[in-house]
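Chemist: The structure's right below; bear with me while I get my questions together.
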Amino acid sequence: MRHLLSLADLSSQEIWKIIDLAVELKGEWKRGGNEPILRGKTLGMLFQKPSLRTRVSFEMAMIHLGGQALYLSPNEVQLGQRESVADVARVLSRYVDGIMARVFAHAHLEELAAFSRVPVINGLSDYSHPCQALADLLTILEKKGRLSGLRLAYVGDGNNVATSLLFGGTKVGMEVALATPPGYEITEEVENLATAFAAESGGRVILTYDPQEAVAGADVIYTDTWTSMGQEAEMSRRLEVFPPYQVNEALVAASGNPDVIVMHCLPAHRGQEITDEVADGPHSVLFDQAENRLHAQKAVLALLLGGR
Ligand code: CP
Ligand code: NVA
């Protein structure tokens, strides 16, 4: 494993290796601190979009492991505008030991990886958000004690987060039910990949337009913003289409599972895709989930930057 661009590129064993190491590093950190296994290592963090969790959790992960991170704002590098993506990769990878990038076009990540001498990590693209899904799998494992055989219902936009959850979930044998409005489905390519992963792992992919159907019997209910970064021009249209897909108390009850957990990658648009009652309610694990970005990414960094 040289880069982390999509969970579709990882085997289920590799995903488990990351999760197991995340559990270990989290335990170590909770007991007082991590060993400085990335001492002297640096991570360049390229952002084309805003961030709270990704920026801070990657930076703190590097610090906790004895390394350093460098934040490069959208205005500074101007990926593909001030200079070509390939040249950014060629230059930046002479200075740092790893690159984490948050981009609009996934093709730019692939280009960075193609021209970089050091590992490239996807910190969110229009296609996928693998670091989020790894933290989510860690969270589900902690809350439920297992992954295989669980039913995860994702309700909302068939976006980057849905794509990574579908890949990650089906790789580890979960049943992933997606309820999106018509016109906002995941792509056929993603569906085909996930269906193949599920066939191999004993998992399952269920695609529906009906949120009640998706959540029935769910162990996990997951949602994300209706309008992702870069789609702002579509917001008013989306606000008309998506309200039936809101995760509210009635939808949580429709799971029929008193122990169902509710997840959201954040930032949340309270009153839109999720209500306050649910986000702050007894089923919510939103902030444990956000914390786990730190632990899951420590594992990714340790494996890719050579600490493990
Ligand atoms: N979930 C997530 O990636 O959050 P940020 O956009 O704040 O990094
Ligand atoms: N789907 C959202 C996730 C934000 C973390 C977006 O791309 O904006």
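A note on labels: chains of the structure tokens are A, B, ... as shown, every chain counts residues from 1, and ligands are counted from 1 in their shown order.
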Once you count only C-alpha atoms and all ligand atoms, which residues end up within 12 Å of ligand 1, and could you hand them over as a CSV table (one decimal) with all heavy atoms, in the first residue's frame?

Modeler:
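And here's pocket_4.csv as it stands now:
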```csv
chain,number,residue,atom,x,y,z
A,45,MET,N,0.1,19.1,3.8
A,45,MET,CA,-1.3,19.0,3.7
A,45,MET,C,-1.9,20.1,2.8
A,45,MET,O,-1.9,21.2,3.1
A,45,MET,CB,-2.0,19.2,5.1
A,45,MET,CG,-1.4,18.2,6.2
A,45,MET,SD,-2.4,18.2,7.7
A,45,MET,CE,-2.2,19.9,8.2
A,47,PHE,N,-4.8,21.8,0.8
A,47,PHE,CA,-6.3,21.9,0.8
A,47,PHE,C,-6.8,22.8,-0.3
A,47,PHE,O,-6.4,24.0,-0.4
A,47,PHE,CB,-6.7,22.5,2.2
A,47,PHE,CG,-6.7,21.5,3.3
A,47,PHE,CD1,-5.6,21.3,4.0
A,47,PHE,CD2,-7.9,20.8,3.6
A,47,PHE,CE1,-5.6,20.3,5.1
A,47,PHE,CE2,-7.9,19.9,4.6
A,47,PHE,CZ,-6.7,19.6,5.3
A,48,GLN,N,-7.8,22.3,-1.0
A,48,GLN,CA,-8.5,23.2,-2.0
A,48,GLN,C,-9.9,23.6,-1.4
A,48,GLN,O,-10.6,24.3,-2.1
A,48,GLN,CB,-8.8,22.4,-3.3
A,48,GLN,CG,-7.6,22.3,-4.2
A,48,GLN,CD,-7.9,21.8,-5.6
A,48,GLN,OE1,-8.6,20.7,-5.7
A,48,GLN,NE2,-7.5,22.5,-6.6
A,49,LYS,N,-10.2,23.0,-0.3
A,49,LYS,CA,-11.6,23.3,0.3
A,49,LYS,C,-11.4,23.5,1.8
A,49,LYS,O,-10.3,23.1,2.4
A,49,LYS,CB,-12.5,22.1,0.1
A,49,LYS,CG,-12.8,21.7,-1.3
A,49,LYS,CD,-13.6,20.4,-1.3
A,49,LYS,CE,-13.8,20.0,-2.8
A,49,LYS,NZ,-14.5,18.7,-2.8
A,50,PRO,N,-12.4,24.1,2.5
A,50,PRO,CA,-12.2,24.2,4.0
A,50,PRO,C,-12.2,22.9,4.7
A,50,PRO,O,-12.6,21.9,4.2
A,50,PRO,CB,-13.5,25.0,4.4
A,50,PRO,CG,-14.1,25.5,3.1
A,50,PRO,CD,-13.6,24.6,2.0
A,51,SER,N,-11.8,22.9,6.0
A,51,SER,CA,-11.8,21.7,6.8
A,51,SER,C,-11.7,22.1,8.3
A,51,SER,O,-11.0,23.1,8.6
A,51,SER,CB,-10.7,20.8,6.4
A,51,SER,OG,-10.5,19.8,7.3
A,52,LEU,N,-12.3,21.4,9.2
A,52,LEU,CA,-12.0,21.4,10.6
A,52,LEU,C,-11.3,20.1,11.0
A,52,LEU,O,-10.2,20.0,11.4
A,52,LEU,CB,-13.3,21.6,11.4
A,52,LEU,CG,-13.1,21.4,13.0
A,52,LEU,CD1,-12.1,22.4,13.6
A,52,LEU,CD2,-14.4,21.6,13.7
A,53,ARG,N,-12.1,19.0,10.8
A,53,ARG,CA,-11.7,17.7,11.3
A,53,ARG,C,-10.4,17.2,10.6
A,53,ARG,O,-9.5,16.7,11.2
A,53,ARG,CB,-12.8,16.6,11.1
A,53,ARG,CG,-13.9,16.7,12.2
A,53,ARG,CD,-15.2,16.3,11.6
A,53,ARG,NE,-15.6,17.4,10.8
A,53,ARG,CZ,-16.3,18.5,11.3
A,53,ARG,NH1,-16.6,18.6,12.5
A,53,ARG,NH2,-16.6,19.5,10.5
A,54,THR,N,-10.5,17.2,9.3
A,54,THR,CA,-9.4,16.6,8.5
A,54,THR,C,-8.1,17.3,8.8
A,54,THR,O,-7.0,16.7,9.0
A,54,THR,CB,-9.7,16.6,7.0
A,54,THR,OG1,-11.0,16.0,6.8
A,54,THR,CG2,-8.6,15.9,6.2
A,55,ARG,N,-8.1,18.7,8.7
A,55,ARG,CA,-6.9,19.4,9.0
A,55,ARG,C,-6.4,19.2,10.4
A,55,ARG,O,-5.2,18.9,10.6
A,55,ARG,CB,-7.2,20.9,8.8
A,55,ARG,CG,-6.0,21.8,8.7
A,55,ARG,CD,-5.8,22.6,10.0
A,55,ARG,NE,-4.5,23.1,10.2
A,55,ARG,CZ,-4.2,24.4,10.1
A,55,ARG,NH1,-5.0,25.2,9.7
A,55,ARG,NH2,-2.9,24.7,10.3
A,56,VAL,N,-7.2,19.3,11.4
A,56,VAL,CA,-6.7,19.3,12.8
A,56,VAL,C,-6.3,17.9,13.2
A,56,VAL,O,-5.3,17.6,13.8
A,56,VAL,CB,-7.7,19.9,13.7
A,56,VAL,CG1,-7.2,19.8,15.2
A,56,VAL,CG2,-8.1,21.3,13.4
A,57,SER,N,-7.1,16.9,12.7
A,57,SER,CA,-6.8,15.5,13.1
A,57,SER,C,-5.6,15.0,12.5
A,57,SER,O,-4.8,14.3,13.1
A,57,SER,CB,-8.0,14.6,12.9
A,57,SER,OG,-8.4,14.5,11.5
A,58,PHE,N,-5.3,15.3,11.2
A,58,PHE,CA,-4.1,14.9,10.6
A,58,PHE,C,-2.9,15.6,11.3
A,58,PHE,O,-1.8,15.0,11.5
A,58,PHE,CB,-4.1,15.2,9.1
A,58,PHE,CG,-4.4,14.1,8.3
A,58,PHE,CD1,-5.7,14.0,7.7
A,58,PHE,CD2,-3.6,13.0,8.1
A,58,PHE,CE1,-6.1,12.9,6.9
A,58,PHE,CE2,-3.9,11.9,7.3
A,58,PHE,CZ,-5.2,11.8,6.7
A,59,GLU,N,-3.0,16.9,11.5
A,59,GLU,CA,-1.9,17.7,12.1
A,59,GLU,C,-1.6,17.1,13.5
A,59,GLU,O,-0.5,16.9,13.9
A,59,GLU,CB,-2.3,19.2,12.2
A,59,GLU,CG,-1.1,20.0,12.6
A,59,GLU,CD,-1.2,21.5,12.2
A,59,GLU,OE1,-2.0,21.8,11.3
A,59,GLU,OE2,-0.4,22.3,12.7
A,100,MET,N,-1.0,14.8,2.1
A,100,MET,CA,-2.4,14.6,2.3
A,100,MET,C,-3.1,15.7,1.5
A,100,MET,O,-2.7,16.9,1.6
A,100,MET,CB,-2.8,14.6,3.7
A,100,MET,CG,-4.2,14.3,4.0
A,100,MET,SD,-5.4,15.6,3.8
A,100,MET,CE,-4.9,16.6,5.2
A,101,ALA,N,-4.1,15.4,0.6
A,101,ALA,CA,-4.7,16.4,-0.2
A,101,ALA,C,-6.2,16.4,-0.2
A,101,ALA,O,-6.8,15.3,-0.3
A,101,ALA,CB,-4.2,16.4,-1.6
A,102,ARG,N,-6.8,17.5,-0.1
A,102,ARG,CA,-8.3,17.6,-0.2
A,102,ARG,C,-8.5,18.4,-1.5
A,102,ARG,O,-8.1,19.6,-1.6
A,102,ARG,CB,-8.9,18.4,1.0
A,102,ARG,CG,-10.3,18.8,0.8
A,102,ARG,CD,-11.0,19.2,2.1
A,102,ARG,NE,-11.3,18.0,2.9
A,102,ARG,CZ,-12.1,18.0,3.9
A,102,ARG,NH1,-12.7,19.1,4.3
A,102,ARG,NH2,-12.4,16.9,4.6
A,103,VAL,N,-9.2,17.8,-2.4
A,103,VAL,CA,-9.3,18.4,-3.8
A,103,VAL,C,-10.7,18.4,-4.3
A,103,VAL,O,-11.6,17.7,-3.7
A,103,VAL,CB,-8.4,17.6,-4.8
A,103,VAL,CG1,-6.9,17.6,-4.4
A,103,VAL,CG2,-8.9,16.2,-4.9
A,122,ASN,N,-5.8,10.6,0.4
A,122,ASN,CA,-7.0,11.4,0.0
A,122,ASN,C,-7.7,11.9,1.2
A,122,ASN,O,-8.2,11.2,2.1
A,122,ASN,CB,-7.9,10.4,-0.8
A,122,ASN,CG,-9.2,11.1,-1.2
A,122,ASN,OD1,-9.5,12.2,-0.9
A,122,ASN,ND2,-10.1,10.3,-1.9
A,123,GLY,N,-7.7,13.3,1.3
A,123,GLY,CA,-8.3,13.9,2.5
A,123,GLY,C,-9.7,14.4,2.1
A,123,GLY,O,-10.2,15.3,2.7
A,124,LEU,N,-10.3,13.8,1.1
A,124,LEU,CA,-11.6,14.1,0.5
A,124,LEU,C,-11.5,14.6,-0.9
A,124,LEU,O,-10.7,15.6,-1.2
A,124,LEU,CB,-12.4,15.1,1.3
A,124,LEU,CG,-13.9,15.5,0.8
A,124,LEU,CD1,-14.8,15.7,2.0
A,124,LEU,CD2,-13.8,16.7,-0.1
A,125,SER,N,-12.2,14.0,-1.8
A,125,SER,CA,-12.3,14.5,-3.2
A,125,SER,C,-13.8,14.4,-3.6
A,125,SER,O,-14.6,14.0,-2.8
A,125,SER,CB,-11.5,13.6,-4.2
A,125,SER,OG,-12.2,12.3,-4.3
A,128,SER,N,-14.5,10.5,-3.3
A,128,SER,CA,-14.5,9.6,-2.1
A,128,SER,C,-13.9,10.3,-0.9
A,128,SER,O,-13.2,11.4,-1.0
A,128,SER,CB,-13.8,8.3,-2.4
A,128,SER,OG,-12.4,8.5,-2.7
A,129,HIS,N,-14.0,9.7,0.3
A,129,HIS,CA,-13.5,10.2,1.5
A,129,HIS,C,-13.0,9.0,2.4
A,129,HIS,O,-13.6,8.7,3.4
A,129,HIS,CB,-14.6,11.0,2.2
A,129,HIS,CG,-14.1,12.0,3.3
A,129,HIS,ND1,-12.7,12.1,3.6
A,129,HIS,CD2,-14.8,12.8,4.1
A,129,HIS,CE1,-12.6,13.0,4.6
A,129,HIS,NE2,-13.8,13.4,4.9
A,130,PRO,N,-12.0,8.3,1.9
A,130,PRO,CA,-11.6,7.1,2.6
A,130,PRO,C,-11.2,7.2,4.1
A,130,PRO,O,-11.5,6.3,4.9
A,130,PRO,CB,-10.4,6.6,1.8
A,130,PRO,CG,-9.9,7.8,1.0
A,130,PRO,CD,-11.1,8.6,0.8
A,131,CYS,N,-10.6,8.3,4.4
A,131,CYS,CA,-10.1,8.5,5.9
A,131,CYS,C,-11.4,8.6,6.8
A,131,CYS,O,-11.3,8.1,7.9
A,131,CYS,CB,-9.2,9.7,6.0
A,131,CYS,SG,-7.7,9.5,5.2
A,132,GLN,N,-12.4,9.2,6.2
A,132,GLN,CA,-13.7,9.3,7.0
A,132,GLN,C,-14.2,7.9,7.2
A,132,GLN,O,-14.6,7.5,8.3
A,132,GLN,CB,-14.7,10.1,6.2
A,132,GLN,CG,-16.0,10.3,7.0
A,132,GLN,CD,-15.9,11.1,8.3
A,132,GLN,OE1,-15.4,12.2,8.3
A,132,GLN,NE2,-16.3,10.5,9.3
A,133,ALA,N,-14.3,7.1,6.2
A,133,ALA,CA,-14.9,5.8,6.3
A,133,ALA,C,-14.1,4.8,7.2
A,133,ALA,O,-14.6,4.0,7.9
A,133,ALA,CB,-15.1,5.1,4.9
A,134,LEU,N,-12.8,5.0,7.2
A,134,LEU,CA,-11.9,4.2,8.1
A,134,LEU,C,-12.2,4.5,9.6
A,134,LEU,O,-12.4,3.6,10.4
A,134,LEU,CB,-10.4,4.4,7.8
A,134,LEU,CG,-9.9,3.8,6.5
A,134,LEU,CD1,-8.5,4.3,6.2
A,134,LEU,CD2,-10.0,2.3,6.5
A,135,ALA,N,-12.4,5.8,9.9
A,135,ALA,CA,-12.7,6.3,11.2
A,135,ALA,C,-14.1,5.8,11.6
A,135,ALA,O,-14.4,5.4,12.7
A,135,ALA,CB,-12.7,7.8,11.3
A,136,ASP,N,-15.0,5.7,10.6
A,136,ASP,CA,-16.4,5.3,10.8
A,136,ASP,C,-16.4,3.8,11.1
A,136,ASP,O,-17.1,3.3,12.0
A,136,ASP,CB,-17.2,5.6,9.6
A,136,ASP,CG,-17.3,7.0,9.3
A,136,ASP,OD1,-17.1,7.9,10.2
A,136,ASP,OD2,-17.7,7.4,8.1
A,160,ASN,N,-19.5,11.5,-2.0
A,160,ASN,CA,-18.2,11.0,-1.7
A,160,ASN,C,-18.2,10.1,-0.4
A,160,ASN,O,-17.5,9.1,-0.3
A,160,ASN,CB,-17.2,12.1,-1.6
A,160,ASN,CG,-17.7,13.3,-0.8
A,160,ASN,OD1,-18.7,13.3,-0.2
A,160,ASN,ND2,-16.9,14.4,-0.9
A,161,VAL,N,-18.9,10.6,0.6
A,161,VAL,CA,-18.9,9.9,1.9
A,161,VAL,C,-19.7,8.6,1.7
A,161,VAL,O,-19.3,7.5,2.2
A,161,VAL,CB,-19.6,10.8,3.0
A,161,VAL,CG1,-19.9,10.0,4.2
A,161,VAL,CG2,-18.6,11.9,3.3
A,223,THR,N,-25.9,9.8,7.9
A,223,THR,CA,-26.2,10.8,6.9
A,223,THR,C,-25.1,11.8,6.8
A,223,THR,O,-24.2,11.8,7.6
A,223,THR,CB,-27.6,11.5,7.2
A,223,THR,OG1,-28.0,12.3,6.1
A,223,THR,CG2,-27.5,12.4,8.4
A,224,ASP,N,-25.2,12.6,5.7
A,224,ASP,CA,-24.2,13.7,5.4
A,224,ASP,C,-25.0,14.8,4.8
A,224,ASP,O,-26.2,14.7,4.5
A,224,ASP,CB,-23.2,13.1,4.4
A,224,ASP,CG,-22.1,14.1,4.1
A,224,ASP,OD1,-21.9,15.1,4.8
A,224,ASP,OD2,-21.4,13.9,3.0
A,225,THR,N,-24.3,15.9,4.6
A,225,THR,CA,-24.9,17.1,4.1
A,225,THR,C,-25.6,16.8,2.7
A,225,THR,O,-25.2,15.9,2.0
A,225,THR,CB,-23.8,18.2,3.8
A,225,THR,OG1,-24.4,19.4,3.3
A,225,THR,CG2,-22.8,17.8,2.8
A,228,SER,N,-22.7,19.2,-0.9
A,228,SER,CA,-21.3,19.1,-0.6
A,228,SER,C,-20.6,20.3,-1.1
A,228,SER,O,-21.0,21.1,-1.9
A,228,SER,CB,-20.7,17.8,-1.3
A,228,SER,OG,-21.2,16.7,-0.6
A,229,MET,N,-19.3,20.4,-0.6
A,229,MET,CA,-18.5,21.5,-1.0
A,229,MET,C,-18.3,21.5,-2.5
A,229,MET,O,-17.9,20.4,-3.0
A,229,MET,CB,-17.1,21.4,-0.2
A,229,MET,CG,-17.3,21.7,1.3
A,229,MET,SD,-15.7,21.6,2.1
A,229,MET,CE,-15.5,19.8,2.3
A,263,MET,N,-24.9,8.2,12.9
A,263,MET,CA,-23.6,8.8,12.6
A,263,MET,C,-23.7,9.9,11.5
A,263,MET,O,-24.7,9.9,10.7
A,263,MET,CB,-22.6,7.7,12.0
A,263,MET,CG,-22.5,6.5,13.0
A,263,MET,SD,-21.4,5.2,12.4
A,263,MET,CE,-19.8,6.0,12.5
A,264,HIS,N,-22.8,10.8,11.5
A,264,HIS,CA,-22.7,11.9,10.5
A,264,HIS,C,-21.2,12.3,10.5
A,264,HIS,O,-20.6,12.5,11.5
A,264,HIS,CB,-23.6,13.0,11.0
A,264,HIS,CG,-23.8,14.1,10.0
A,264,HIS,ND1,-22.7,14.7,9.4
A,264,HIS,CD2,-24.9,14.8,9.6
A,264,HIS,CE1,-23.2,15.7,8.6
A,264,HIS,NE2,-24.5,15.7,8.7
A,265,CYS,N,-20.7,12.4,9.3
A,265,CYS,CA,-19.3,12.8,9.2
A,265,CYS,C,-19.0,14.2,9.7
A,265,CYS,O,-17.8,14.5,10.0
A,265,CYS,CB,-18.8,12.6,7.8
A,265,CYS,SG,-19.7,13.6,6.6
A,266,LEU,N,-20.0,15.0,9.7
A,266,LEU,CA,-19.9,16.4,10.1
A,266,LEU,C,-19.0,17.2,9.0
A,266,LEU,O,-18.2,16.6,8.4
A,266,LEU,CB,-19.2,16.6,11.5
A,266,LEU,CG,-20.0,15.9,12.6
A,266,LEU,CD1,-19.2,16.1,13.9
A,266,LEU,CD2,-21.4,16.4,12.8
A,267,PRO,N,-19.3,18.5,8.8
A,267,PRO,CA,-20.2,19.3,9.5
A,267,PRO,C,-21.6,19.0,9.2
A,267,PRO,O,-22.0,18.7,8.1
A,267,PRO,CB,-19.8,20.7,9.0
A,267,PRO,CG,-19.2,20.5,7.6
A,267,PRO,CD,-18.5,19.2,7.7
A,268,ALA,N,-22.4,19.2,10.3
A,268,ALA,CA,-23.9,18.9,10.2
A,268,ALA,C,-24.6,20.2,9.9
A,268,ALA,O,-24.2,21.3,10.4
A,268,ALA,CB,-24.4,18.3,11.5
A,286,LEU,N,-21.8,11.0,17.1
A,286,LEU,CA,-21.2,11.9,16.2
A,286,LEU,C,-19.8,12.4,16.7
A,286,LEU,O,-18.9,12.5,15.9
A,286,LEU,CB,-22.1,13.2,16.1
A,286,LEU,CG,-23.1,13.2,14.9
A,286,LEU,CD1,-23.9,11.9,14.8
A,286,LEU,CD2,-23.9,14.4,14.9
A,287,PHE,N,-19.6,12.6,18.0
A,287,PHE,CA,-18.4,13.2,18.4
A,287,PHE,C,-17.3,12.1,18.7
A,287,PHE,O,-16.1,12.4,18.6
A,287,PHE,CB,-18.6,14.2,19.5
A,287,PHE,CG,-19.6,15.3,19.1
A,287,PHE,CD1,-20.9,15.2,19.4
A,287,PHE,CD2,-19.2,16.2,18.1
A,287,PHE,CE1,-21.9,16.2,18.9
A,287,PHE,CE2,-20.1,17.1,17.6
A,287,PHE,CZ,-21.4,17.1,18.0
A,289,GLN,N,-17.2,9.6,16.8
A,289,GLN,CA,-16.8,9.4,15.4
A,289,GLN,C,-15.8,10.4,14.9
A,289,GLN,O,-14.8,10.1,14.3
A,289,GLN,CB,-18.2,9.5,14.6
A,289,GLN,CG,-18.0,9.3,13.1
A,289,GLN,CD,-19.4,9.6,12.4
A,289,GLN,OE1,-20.4,9.9,13.1
A,289,GLN,NE2,-19.4,9.5,11.1
A,290,ALA,N,-16.1,11.7,15.3
A,290,ALA,CA,-15.1,12.8,14.9
A,290,ALA,C,-13.8,12.5,15.5
A,290,ALA,O,-12.7,12.7,14.9
A,290,ALA,CB,-15.7,14.1,15.3
A,291,GLU,N,-13.8,12.1,16.8
A,291,GLU,CA,-12.5,11.8,17.5
A,291,GLU,C,-11.7,10.7,16.8
A,291,GLU,O,-10.5,10.8,16.6
A,291,GLU,CB,-12.7,11.4,19.0
A,291,GLU,CG,-11.4,11.1,19.7
A,291,GLU,CD,-11.5,10.5,21.0
A,291,GLU,OE1,-12.4,10.9,21.8
A,291,GLU,OE2,-10.7,9.6,21.3
A,292,ASN,N,-12.4,9.7,16.3
A,292,ASN,CA,-11.8,8.6,15.7
A,292,ASN,C,-11.1,8.9,14.4
A,292,ASN,O,-10.2,8.1,13.9
A,292,ASN,CB,-12.8,7.4,15.5
A,292,ASN,CG,-12.9,6.7,16.8
A,292,ASN,OD1,-12.0,6.7,17.7
A,292,ASN,ND2,-14.0,6.0,17.0
A,293,ARG,N,-11.3,10.1,13.8
A,293,ARG,CA,-10.5,10.5,12.7
A,293,ARG,C,-9.0,10.5,13.1
A,293,ARG,O,-8.2,10.1,12.3
A,293,ARG,CB,-10.9,11.9,12.2
A,293,ARG,CG,-12.3,12.0,11.6
A,293,ARG,CD,-12.4,11.3,10.2
A,293,ARG,NE,-11.5,11.8,9.3
A,293,ARG,CZ,-11.7,12.8,8.5
A,293,ARG,NH1,-12.8,13.5,8.6
A,293,ARG,NH2,-10.7,13.2,7.6
A,294,LEU,N,-8.8,11.0,14.3
A,294,LEU,CA,-7.4,11.1,14.8
A,294,LEU,C,-6.8,9.8,14.9
A,294,LEU,O,-5.6,9.6,14.4
A,294,LEU,CB,-7.5,11.8,16.2
A,294,LEU,CG,-6.2,11.9,17.0
A,294,LEU,CD1,-5.3,12.9,16.3
A,294,LEU,CD2,-6.5,12.3,18.4
A,297,GLN,N,-6.4,7.9,11.4
A,297,GLN,CA,-5.4,8.5,10.5
A,297,GLN,C,-4.0,8.2,11.1
A,297,GLN,O,-3.0,8.2,10.3
A,297,GLN,CB,-5.7,9.9,10.3
A,297,GLN,CG,-6.9,10.1,9.4
A,297,GLN,CD,-7.6,11.4,9.5
A,297,GLN,OE1,-8.7,11.5,9.1
A,297,GLN,NE2,-7.0,12.4,10.1
```

Chemist: Can you tell me which residues surround A:Leu79 at a distance of at most 12 Å, considering only C-alpha atoms, apart from same-chain residues fewer than 6 positions away, and format the answer as a PyMOL selection string?

Modeler: chain A and resi 46-49+72-73+85-89+92+101-105+108-109+111-112

Chemist: Show me, as a ChimeraX atom specification, the residues that have an atom within 10 Å of A:Ala302 when counting only C-alpha atoms, minus same-chain residues fewer than 3 positions from it.

Modeler: /A:18,21-22,25,37-38,61-62,65,297-299,305-308

Chemist: Using DSSP on the backbone coordinates, identify all residues within stretch 198-284 of chain A classified as strand (DSSP E or B); present the result as JSON, numbers by chain.

Modeler: {"A": [204, 205, 206, 207, 208, 220, 221, 222, 223, 247, 261, 262, 263, 264, 270, 274, 284]}

Chemist: Looking at only C-alpha atoms, which of A:Glu110, A:His64, A:Ala8, A:Val247 is the one that sits closest to A:Leu165?

Modeler: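 The shortest atom-to-atom distance to A:Leu165 comes from A:Ala8.
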
Chemist: For stretch 272-278 of chain A, find every residue with an atom within 6 Å (counting only C-alpha atoms), except residues of its own chain fewer than 2 positions away, and show them as a PDB file with C-alpha atoms, in the first residue's frame.

Modeler:
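Result went into result.pdb, see below:
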```
ATOM      1  CA  GLN A 246     -33.980  13.932   6.936  1.00  0.00           C
ATOM      2  CA  VAL A 247     -32.710  11.779   9.804  1.00  0.00           C
ATOM      3  CA  ASN A 248     -35.182  12.677  12.551  1.00  0.00           C
ATOM      4  CA  HIS A 269     -26.580  21.198   8.920  1.00  0.00           C
ATOM      5  CA  ARG A 270     -28.916  20.867  11.850  1.00  0.00           C
ATOM      6  CA  ASP A 280     -27.767  15.368  20.449  1.00  0.00           C
ATOM      7  CA  GLY A 281     -29.917  12.342  21.328  1.00  0.00           C
TER       8      GLY A 281
END
```

Chemist: Fewer than 5 positions away in the same chain doesn't count, so skip those; otherwise give me all residues within 8 Å of A:Gly98, counting only C-alpha atoms, as a list in words.

Modeler: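 So, after excluding close chain neighbours, the residues are Thr42, Leu43, Gly44, Ser93, Val118, Pro119, Val120, Ile121, Leu304 and Leu305 of chain A.
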
Chemist: Calculate how many Å separate atom CA of A:Arg90 from atom CA of A:Gly67, rounding to one decimal.

Modeler: 21.7 Å

Chemist: Quick one: pull the distance between atom CA of A:Ala254 and atom CA of A:Ala216, Å, one decimal.

Modeler: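 Atom CA of A:Ala216 lies at a distance of 6.2 Å from atom CA of A:Ala254.
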
Chemist: If we count only C-alpha atoms and set the cut-off at 12 Å, which residues sit around A:Gln212, ignoring sequence neighbours fewer than 6 positions away in its own chain? Please answer as a VMD selection string.

Modeler: chain A and resid 153 to 155 177 to 180 218 221 244 to 248 250 to 256

Chemist: Calculated over only C-alpha atoms and all ligand atoms, which of the candidates A:Gly173, A:Pro243, A:Gly230, A:Pro211 has the smallest distance to ligand 2?

Modeler: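 Closest candidate: A:Gly230.
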
Chemist: Neighbouring residues of A:Lys143 were defined as those with any atom within 10 Å, considering only C-alpha atoms; residues of the same chain fewer than 3 positions away were excluded. Please report them as JSON, numbers by chain.

Modeler: {"A": [137, 138, 139, 140, 146, 147, 220, 259, 260, 261, 285, 288]}

Chemist: Just N, CA, C and O atoms for this one: save the residues we selected as a short mmCIF file (atom, residue, chain, number, x, y, z; two decimals), in the first residue's frame.

Modeler:
```cif
data_model
loop_
_atom_site.label_atom_id
_atom_site.label_comp_id
_atom_site.auth_asym_id
_atom_site.auth_seq_id
_atom_site.Cartn_x
_atom_site.Cartn_y
_atom_site.Cartn_z
N LEU A 137 -15.61 2.99 10.41
CA LEU A 137 -15.57 1.55 10.69
C LEU A 137 -15.03 1.32 12.10
O LEU A 137 -15.53 0.47 12.84
N LEU A 138 -14.00 2.08 12.48
CA LEU A 138 -13.45 1.98 13.84
C LEU A 138 -14.54 2.30 14.87
O LEU A 138 -14.69 1.58 15.88
N THR A 139 -15.32 3.33 14.61
CA THR A 139 -16.38 3.73 15.54
C THR A 139 -17.45 2.65 15.66
O THR A 139 -17.90 2.32 16.77
N ILE A 140 -17.84 2.09 14.52
CA ILE A 140 -18.88 1.05 14.54
C ILE A 140 -18.36 -0.18 15.30
O ILE A 140 -19.07 -0.76 16.12
N ARG A 146 -18.33 -5.63 16.43
CA ARG A 146 -18.05 -6.36 15.19
C ARG A 146 -18.46 -5.49 14.02
O ARG A 146 -19.09 -4.45 14.20
N LEU A 147 -18.09 -5.92 12.82
CA LEU A 147 -18.50 -5.21 11.61
C LEU A 147 -19.30 -6.14 10.69
O LEU A 147 -20.40 -5.80 10.25
N VAL A 220 -26.87 0.78 12.17
CA VAL A 220 -26.26 2.11 12.04
C VAL A 220 -27.09 2.92 11.05
O VAL A 220 -27.40 2.41 9.96
N ASP A 259 -31.14 -0.10 19.88
CA ASP A 259 -29.69 0.11 20.03
C ASP A 259 -29.04 0.70 18.78
O ASP A 259 -27.81 0.69 18.65
N VAL A 260 -29.85 1.18 17.85
CA VAL A 260 -29.29 1.73 16.61
C VAL A 260 -28.40 2.93 16.96
O VAL A 260 -28.70 3.69 17.88
N ILE A 261 -27.26 3.06 16.26
CA ILE A 261 -26.43 4.27 16.44
C ILE A 261 -26.58 5.16 15.21
O ILE A 261 -26.80 4.69 14.11
N VAL A 285 -23.58 9.09 17.93
CA VAL A 285 -22.16 8.86 18.29
C VAL A 285 -21.28 9.84 17.51
O VAL A 285 -20.10 9.58 17.26
N ASP A 288 -17.76 10.92 19.07
CA ASP A 288 -16.79 9.80 19.15
C ASP A 288 -16.27 9.52 17.74
O ASP A 288 -15.08 9.23 17.54
#
```

Chemist: Figure out the distance between atom CA of A:Val172 and atom CA of A:Ile15, please, to one decimal in Å.

Modeler: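 Atom CA of A:Val172 lies 8.0 Å from atom CA of A:Ile15.
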
Chemist: As a PyMOL selection string, please: all residues of stretch 8-184 of chain A that backbone DSSP puts in alpha helix (DSSP H).

Modeler: chain A and resi 12-30+53-64+74-77+85-95+106-115+130-144+160-171

Chemist: Between A:Gly203, A:Gly156, A:Pro282, A:Gly145, which residue has the minimum interatomic distance to ligand 2, considering only C-alpha atoms and all ligand atoms?

Modeler: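 Looking only at the distances to ligand 2, the closest residue turns out to be A:Gly156.
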